[in-house]
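Chemist: Provided herewith is a single structure, encoded as structure tokens, for subsequent inquiry.
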Amino acid sequence: MTPARRKRLLVVGLLVLGVAVAAALGLQAFRKNLLYYFTPDQVARGDAHAGQAFRMGGLVAMGSVQRAPGSMTVHFTITDMQRSIPVVYTGILPDLFREGQGIVVYGTLDKNGLFVANQVLAKHDSKYMPPGVEADIKKAQAQQQAERLAKDPS
Amino acid sequence: MFVWFHKLASPPYFYRLAGRLAPWLAWASLIVILAGLYGGLWLAPPDYQQGDGFRIIYVHVPSAWMSLFIYVVMALAAAIGLIWRMKLAHAVSAAAAPLGAAFTFLALVTGSLWGKPMWGTYWVWDARLTSELVLLFLYFGYLALHRAFEDQRSGDRAGAILALVGIVNVPIIHYSVKWWNTLHQGPTVFFGARADIAPSMYIPLFIMIIGFMLYFAAFVLKRLQVEILSRERHTAWVQELAGKP
């Protein structure tokens, strides 16, 4: 390699390295602002601003979804396994919304601790399988659990 | 080896080679993409949660993959062009950029169309979606900057520096779903006991990715031919080529 080329290689290398370091520092500085949502536990501890709209993410608690008959209003509870917060939403729910599914709601917390959502977003879990497989997996898991219990009754 | 490399870098030789390879690659991509679409749209079973809606991954994932792959190709060619002053390398960057922009656009649009029914929104400003949008603007920026100079060599050099600066966005896009809380799902595990996707679903997906790669190879060579002719228009060999009936 000629000296001129080596010099240009060095310059290009330093350019890319410098930009990478700048980007890493910038993203590090904005780390907190890049969080997309608060968890129910953070909301209960008062991290989110009361009276202002914010996003809250968690799982839809099993057995908590109640639809008001004759309207688009749905009541359900969002949980992070530590705290649960009741949510009310009026509108069309996304296809992936179901009990046990991870979702993100956008709205405000009222005085009684009820979260009034303007928007409900469902999170996909990066799993793809044919319809019958889910039932098979659940059956296998239940069987494993039963075997474990049989071996160790305590 | 070096003799071959130097021959490859000679515009007339490369022009003829590209002209011979491109039709084969184009036909191969057509066949492979049709096979992948048949596998993805007819043979693959519907998803347990999303039903038939998941089938958009057969366009979305290959497009998103190509958007990153083409950027890496473009940036590598830009580096070679800057360091070794190879004329053909800058032509490769210039030929690849519009294709990369098109695939990025396709990835954003298909993702958005899927997002409305599944997530409940066309768009959110999460880290993955935002960084992919920045990639689209990087392609646009390259295309605009490259054409903004009277002198071809200045445009080549300015565009190449932009392409190199933008390369930091590629790992950011890739790891965004791991580093931050995003609405976009994390990476899917393809192989082994913990595979997140059934084989009947991922095999068509890989076929589609190969088809998209072949499509890119065919059309980047075609675009390179045009690029070479326009850059070499004053040379004897192009004049001779144009003089032929």
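Naming scheme: A, B, ... for chains in displayed order of the structure tokens; residues 1 onward per chain; ligands 1 onward as shown.
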When DSSP is applied to the backbone of this structure, which of chain A are assigned strand (DSSP E or B)? Write them out as number ranges by chain.
Modeler: A: 38, 54-60, 66-67, 73-79, 84-90, 102-109, 115-122, 128
Chemist: Counting only C-alpha atoms, which residues from chain B have an atom at most 9 Å from any atom of chain A, and could you show them as a PDB file with N, CA and C atoms, in the first residue's frame?
Modeler:
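Written file, selection-v6.pdb:
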ATOM      1  N   ALA B  44     -47.446 -21.871   3.698  1.00  0.00           N
ATOM      2  CA  ALA B  44     -47.252 -21.606   5.123  1.00  0.00           C
ATOM      3  C   ALA B  44     -48.604 -21.517   5.821  1.00  0.00           C
ATOM      4  N   PRO B  45     -48.695 -22.069   7.054  1.00  0.00           N
ATOM      5  CA  PRO B  45     -49.969 -21.996   7.779  1.00  0.00           C
ATOM      6  C   PRO B  45     -50.193 -20.597   8.328  1.00  0.00           C
ATOM      7  N   PRO B  46     -51.452 -20.224   8.635  1.00  0.00           N
ATOM      8  CA  PRO B  46     -51.679 -18.919   9.279  1.00  0.00           C
ATOM      9  C   PRO B  46     -51.104 -18.924  10.692  1.00  0.00           C
ATOM     10  N   ASP B  47     -50.801 -17.733  11.210  1.00  0.00           N
ATOM     11  CA  ASP B  47     -50.212 -17.609  12.546  1.00  0.00           C
ATOM     12  C   ASP B  47     -51.276 -17.809  13.618  1.00  0.00           C
ATOM     13  N   TYR B  48     -50.873 -18.325  14.803  1.00  0.00           N
ATOM     14  CA  TYR B  48     -51.855 -18.614  15.856  1.00  0.00           C
ATOM     15  C   TYR B  48     -52.497 -17.361  16.420  1.00  0.00           C
ATOM     16  N   GLN B  49     -51.780 -16.204  16.365  1.00  0.00           N
ATOM     17  CA  GLN B  49     -52.360 -14.963  16.898  1.00  0.00           C
ATOM     18  C   GLN B  49     -52.835 -14.035  15.786  1.00  0.00           C
ATOM     19  N   GLN B  50     -52.021 -13.913  14.733  1.00  0.00           N
ATOM     20  CA  GLN B  50     -52.275 -12.877  13.732  1.00  0.00           C
ATOM     21  C   GLN B  50     -53.077 -13.383  12.548  1.00  0.00           C
ATOM     22  N   GLY B  51     -53.316 -14.705  12.450  1.00  0.00           N
ATOM     23  CA  GLY B  51     -54.018 -15.239  11.293  1.00  0.00           C
ATOM     24  C   GLY B  51     -53.195 -15.030  10.037  1.00  0.00           C
ATOM     25  N   PHE B  54     -49.944 -12.082   9.284  1.00  0.00           N
ATOM     26  CA  PHE B  54     -48.489 -12.162   9.478  1.00  0.00           C
ATOM     27  C   PHE B  54     -47.758 -12.286   8.151  1.00  0.00           C
ATOM     28  N   ALA B  79     -15.827   3.746   0.768  1.00  0.00           N
ATOM     29  CA  ALA B  79     -14.507   3.709   1.400  1.00  0.00           C
ATOM     30  C   ALA B  79     -13.442   3.320   0.385  1.00  0.00           C
ATOM     31  N   ILE B  80     -13.730   2.307  -0.439  1.00  0.00           N
ATOM     32  CA  ILE B  80     -12.767   1.887  -1.466  1.00  0.00           C
ATOM     33  C   ILE B  80     -12.519   3.027  -2.446  1.00  0.00           C
ATOM     34  N   LEU B  82     -12.784   6.221  -1.868  1.00  0.00           N
ATOM     35  CA  LEU B  82     -12.025   7.306  -1.236  1.00  0.00           C
ATOM     36  C   LEU B  82     -10.554   6.930  -1.065  1.00  0.00           C
ATOM     37  N   ILE B  83     -10.297   5.697  -0.630  1.00  0.00           N
ATOM     38  CA  ILE B  83      -8.928   5.315  -0.271  1.00  0.00           C
ATOM     39  C   ILE B  83      -8.108   4.961  -1.508  1.00  0.00           C
ATOM     40  N   TRP B  84      -8.680   4.123  -2.397  1.00  0.00           N
ATOM     41  CA  TRP B  84      -7.904   3.667  -3.565  1.00  0.00           C
ATOM     42  C   TRP B  84      -8.187   4.495  -4.821  1.00  0.00           C
ATOM     43  N   ARG B  85      -9.068   5.509  -4.673  1.00  0.00           N
ATOM     44  CA  ARG B  85      -9.426   6.361  -5.817  1.00  0.00           C
ATOM     45  C   ARG B  85      -9.865   5.530  -7.024  1.00  0.00           C
ATOM     46  N   LYS B 116     -51.068  -1.020  11.747  1.00  0.00           N
ATOM     47  CA  LYS B 116     -52.414  -0.498  12.027  1.00  0.00           C
ATOM     48  C   LYS B 116     -53.331  -1.571  12.614  1.00  0.00           C
ATOM     49  N   PRO B 117     -53.542  -2.718  11.976  1.00  0.00           N
ATOM     50  CA  PRO B 117     -54.404  -3.718  12.612  1.00  0.00           C
ATOM     51  C   PRO B 117     -53.779  -4.404  13.831  1.00  0.00           C
ATOM     52  N   MET B 118     -52.457  -4.666  13.804  1.00  0.00           N
ATOM     53  CA  MET B 118     -51.871  -5.483  14.869  1.00  0.00           C
ATOM     54  C   MET B 118     -51.535  -4.664  16.114  1.00  0.00           C
ATOM     55  N   TRP B 119     -50.803  -3.572  15.932  1.00  0.00           N
ATOM     56  CA  TRP B 119     -50.449  -2.729  17.082  1.00  0.00           C
ATOM     57  C   TRP B 119     -51.597  -1.792  17.443  1.00  0.00           C
ATOM     58  N   GLY B 120     -52.305  -1.319  16.400  1.00  0.00           N
ATOM     59  CA  GLY B 120     -53.338  -0.320  16.601  1.00  0.00           C
ATOM     60  C   GLY B 120     -52.910   1.060  16.141  1.00  0.00           C
ATOM     61  N   THR B 121     -51.762   1.159  15.457  1.00  0.00           N
ATOM     62  CA  THR B 121     -51.317   2.468  14.963  1.00  0.00           C
ATOM     63  C   THR B 121     -50.434   2.263  13.732  1.00  0.00           C
ATOM     64  N   TRP B 125     -43.068   6.649  17.415  1.00  0.00           N
ATOM     65  CA  TRP B 125     -41.675   7.123  17.361  1.00  0.00           C
ATOM     66  C   TRP B 125     -40.823   6.281  18.300  1.00  0.00           C
ATOM     67  N   ASP B 126     -40.793   4.983  18.088  1.00  0.00           N
ATOM     68  CA  ASP B 126     -39.904   4.175  18.917  1.00  0.00           C
ATOM     69  C   ASP B 126     -38.546   4.062  18.214  1.00  0.00           C
ATOM     70  N   ALA B 127     -37.575   3.464  18.912  1.00  0.00           N
ATOM     71  CA  ALA B 127     -36.195   3.533  18.416  1.00  0.00           C
ATOM     72  C   ALA B 127     -36.017   2.828  17.067  1.00  0.00           C
ATOM     73  N   ILE B 161     -18.365  10.465   1.704  1.00  0.00           N
ATOM     74  CA  ILE B 161     -18.165  10.820   3.121  1.00  0.00           C
ATOM     75  C   ILE B 161     -19.488  10.705   3.878  1.00  0.00           C
ATOM     76  N   LEU B 164     -20.257   7.098   4.526  1.00  0.00           N
ATOM     77  CA  LEU B 164     -19.425   6.552   5.605  1.00  0.00           C
ATOM     78  C   LEU B 164     -19.891   7.028   6.971  1.00  0.00           C
ATOM     79  N   VAL B 165     -20.275   8.307   7.063  1.00  0.00           N
ATOM     80  CA  VAL B 165     -20.768   8.832   8.348  1.00  0.00           C
ATOM     81  C   VAL B 165     -22.042   8.089   8.744  1.00  0.00           C
ATOM     82  N   GLY B 166     -22.909   7.827   7.758  1.00  0.00           N
ATOM     83  CA  GLY B 166     -24.189   7.182   8.050  1.00  0.00           C
ATOM     84  C   GLY B 166     -24.075   5.735   8.474  1.00  0.00           C
ATOM     85  N   ILE B 167     -22.910   5.122   8.267  1.00  0.00           N
ATOM     86  CA  ILE B 167     -22.780   3.693   8.576  1.00  0.00           C
ATOM     87  C   ILE B 167     -23.024   3.419  10.065  1.00  0.00           C
ATOM     88  N   VAL B 168     -22.796   4.417  10.940  1.00  0.00           N
ATOM     89  CA  VAL B 168     -23.039   4.183  12.379  1.00  0.00           C
ATOM     90  C   VAL B 168     -24.509   3.871  12.655  1.00  0.00           C
ATOM     91  N   ASN B 169     -25.401   4.300  11.756  1.00  0.00           N
ATOM     92  CA  ASN B 169     -26.827   4.042  11.975  1.00  0.00           C
ATOM     93  C   ASN B 169     -27.176   2.563  11.798  1.00  0.00           C
ATOM     94  N   TRP B 180     -33.354  -0.597  23.752  1.00  0.00           N
ATOM     95  CA  TRP B 180     -34.421   0.237  24.308  1.00  0.00           C
ATOM     96  C   TRP B 180     -35.740  -0.510  24.354  1.00  0.00           C
ATOM     97  N   ASN B 181     -36.683   0.007  25.193  1.00  0.00           N
ATOM     98  CA  ASN B 181     -38.067  -0.444  25.199  1.00  0.00           C
ATOM     99  C   ASN B 181     -38.715   0.017  23.902  1.00  0.00           C
ATOM    100  N   THR B 182     -38.929  -0.884  22.965  1.00  0.00           N
ATOM    101  CA  THR B 182     -39.565  -0.443  21.719  1.00  0.00           C
ATOM    102  C   THR B 182     -40.899  -1.151  21.554  1.00  0.00           C
ATOM    103  N   LEU B 183     -41.777  -0.556  20.757  1.00  0.00           N
ATOM    104  CA  LEU B 183     -43.023  -1.245  20.427  1.00  0.00           C
ATOM    105  C   LEU B 183     -42.734  -2.350  19.410  1.00  0.00           C
ATOM    106  N   HIS B 184     -41.757  -2.107  18.540  1.00  0.00           N
ATOM    107  CA  HIS B 184     -41.356  -3.126  17.562  1.00  0.00           C
ATOM    108  C   HIS B 184     -40.822  -4.340  18.304  1.00  0.00           C
ATOM    109  N   GLN B 185     -41.184  -5.531  17.838  1.00  0.00           N
ATOM    110  CA  GLN B 185     -40.738  -6.736  18.537  1.00  0.00           C
ATOM    111  C   GLN B 185     -39.238  -6.954  18.402  1.00  0.00           C
ATOM    112  N   GLY B 186     -38.698  -7.748  19.329  1.00  0.00           N
ATOM    113  CA  GLY B 186     -37.282  -8.089  19.297  1.00  0.00           C
ATOM    114  C   GLY B 186     -36.976  -9.050  18.167  1.00  0.00           C
ATOM    115  N   PRO B 187     -35.692  -9.424  18.015  1.00  0.00           N
ATOM    116  CA  PRO B 187     -35.325 -10.339  16.943  1.00  0.00           C
ATOM    117  C   PRO B 187     -35.947 -11.714  17.173  1.00  0.00           C
ATOM    118  N   THR B 188     -36.329 -12.377  16.079  1.00  0.00           N
ATOM    119  CA  THR B 188     -36.906 -13.709  16.155  1.00  0.00           C
ATOM    120  C   THR B 188     -35.779 -14.742  16.082  1.00  0.00           C
ATOM    121  N   VAL B 189     -35.819 -15.738  16.966  1.00  0.00           N
ATOM    122  CA  VAL B 189     -34.809 -16.809  16.947  1.00  0.00           C
ATOM    123  C   VAL B 189     -35.227 -17.837  15.900  1.00  0.00           C
ATOM    124  N   ALA B 195     -36.409 -22.105  18.728  1.00  0.00           N
ATOM    125  CA  ALA B 195     -36.846 -21.334  17.560  1.00  0.00           C
ATOM    126  C   ALA B 195     -38.212 -20.696  17.818  1.00  0.00           C
ATOM    127  N   ASP B 196     -38.321 -19.400  17.511  1.00  0.00           N
ATOM    128  CA  ASP B 196     -39.567 -18.670  17.721  1.00  0.00           C
ATOM    129  C   ASP B 196     -40.504 -18.774  16.527  1.00  0.00           C
ATOM    130  N   ILE B 197     -40.032 -19.382  15.459  1.00  0.00           N
ATOM    131  CA  ILE B 197     -40.844 -19.413  14.246  1.00  0.00           C
ATOM    132  C   ILE B 197     -40.799 -20.820  13.654  1.00  0.00           C
ATOM    133  N   ALA B 198     -41.970 -21.301  13.244  1.00  0.00           N
ATOM    134  CA  ALA B 198     -42.073 -22.668  12.731  1.00  0.00           C
ATOM    135  C   ALA B 198     -41.338 -22.788  11.392  1.00  0.00           C
ATOM    136  N   PRO B 199     -40.697 -23.959  11.118  1.00  0.00           N
ATOM    137  CA  PRO B 199     -39.943 -24.132   9.859  1.00  0.00           C
ATOM    138  C   PRO B 199     -40.801 -23.875   8.617  1.00  0.00           C
ATOM    139  N   SER B 200     -42.077 -24.288   8.656  1.00  0.00           N
ATOM    140  CA  SER B 200     -42.940 -24.076   7.485  1.00  0.00           C
ATOM    141  C   SER B 200     -43.126 -22.591   7.208  1.00  0.00           C
ATOM    142  N   MET B 201     -42.844 -21.729   8.196  1.00  0.00           N
ATOM    143  CA  MET B 201     -42.975 -20.289   8.004  1.00  0.00           C
ATOM    144  C   MET B 201     -41.652 -19.636   7.630  1.00  0.00           C
TER     145      MET B 201
END
Chemist: Find the distance between CA of Phe76 (chain A) and CA of Ala61 (chain A) and write it in Å to one decimal.
Modeler: 7.3 Å
Chemist: Within 12 Å of Gln82 (chain A), counting only C-alpha atoms, which residues show up once you throw out same-chain ones fewer than 4 positions away? Write them as a JSON list (two decimals) with C-alpha atoms, in the first residue's frame, please.
Modeler:
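Result file is around-v6.json:
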[["chain", "number", "residue", "atom", "x", "y", "z"],
["A", 39, "THR", "CA", -44.41, 0.34, 34.13],
["A", 40, "PRO", "CA", -47.38, 0.25, 36.60],
["A", 41, "ASP", "CA", -44.85, 0.03, 39.46],
["A", 42, "GLN", "CA", -43.13, 3.25, 38.32],
["A", 43, "VAL", "CA", -46.53, 4.93, 37.94],
["A", 44, "ALA", "CA", -47.59, 3.86, 41.47],
["A", 45, "ARG", "CA", -44.33, 5.30, 42.86],
["A", 58, "GLY", "CA", -47.49, -4.05, 30.92],
["A", 59, "LEU", "CA", -49.49, -7.23, 30.58],
["A", 61, "ALA", "CA", -54.19, -9.20, 33.65],
["A", 78, "ILE", "CA", -52.55, -3.66, 33.38]]
Chemist: Taking only C-alpha atoms into account, which of B:Tyr122, B:Phe219, B:Phe5, B:Phe140 comes nearest Gly19 (chain B)?
Modeler: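 Smallest separation from Gly19 (chain B) among the options: B:Phe219.
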Chemist: Select, from B:Ser112, B:Val59, B:Ile203, B:Gly243, the residue with the minimum atom-to-atom distance to Val124 (chain B), counting only C-alpha atoms.
Modeler: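 For Val124 (chain B), the nearest of the candidates is B:Ser112.
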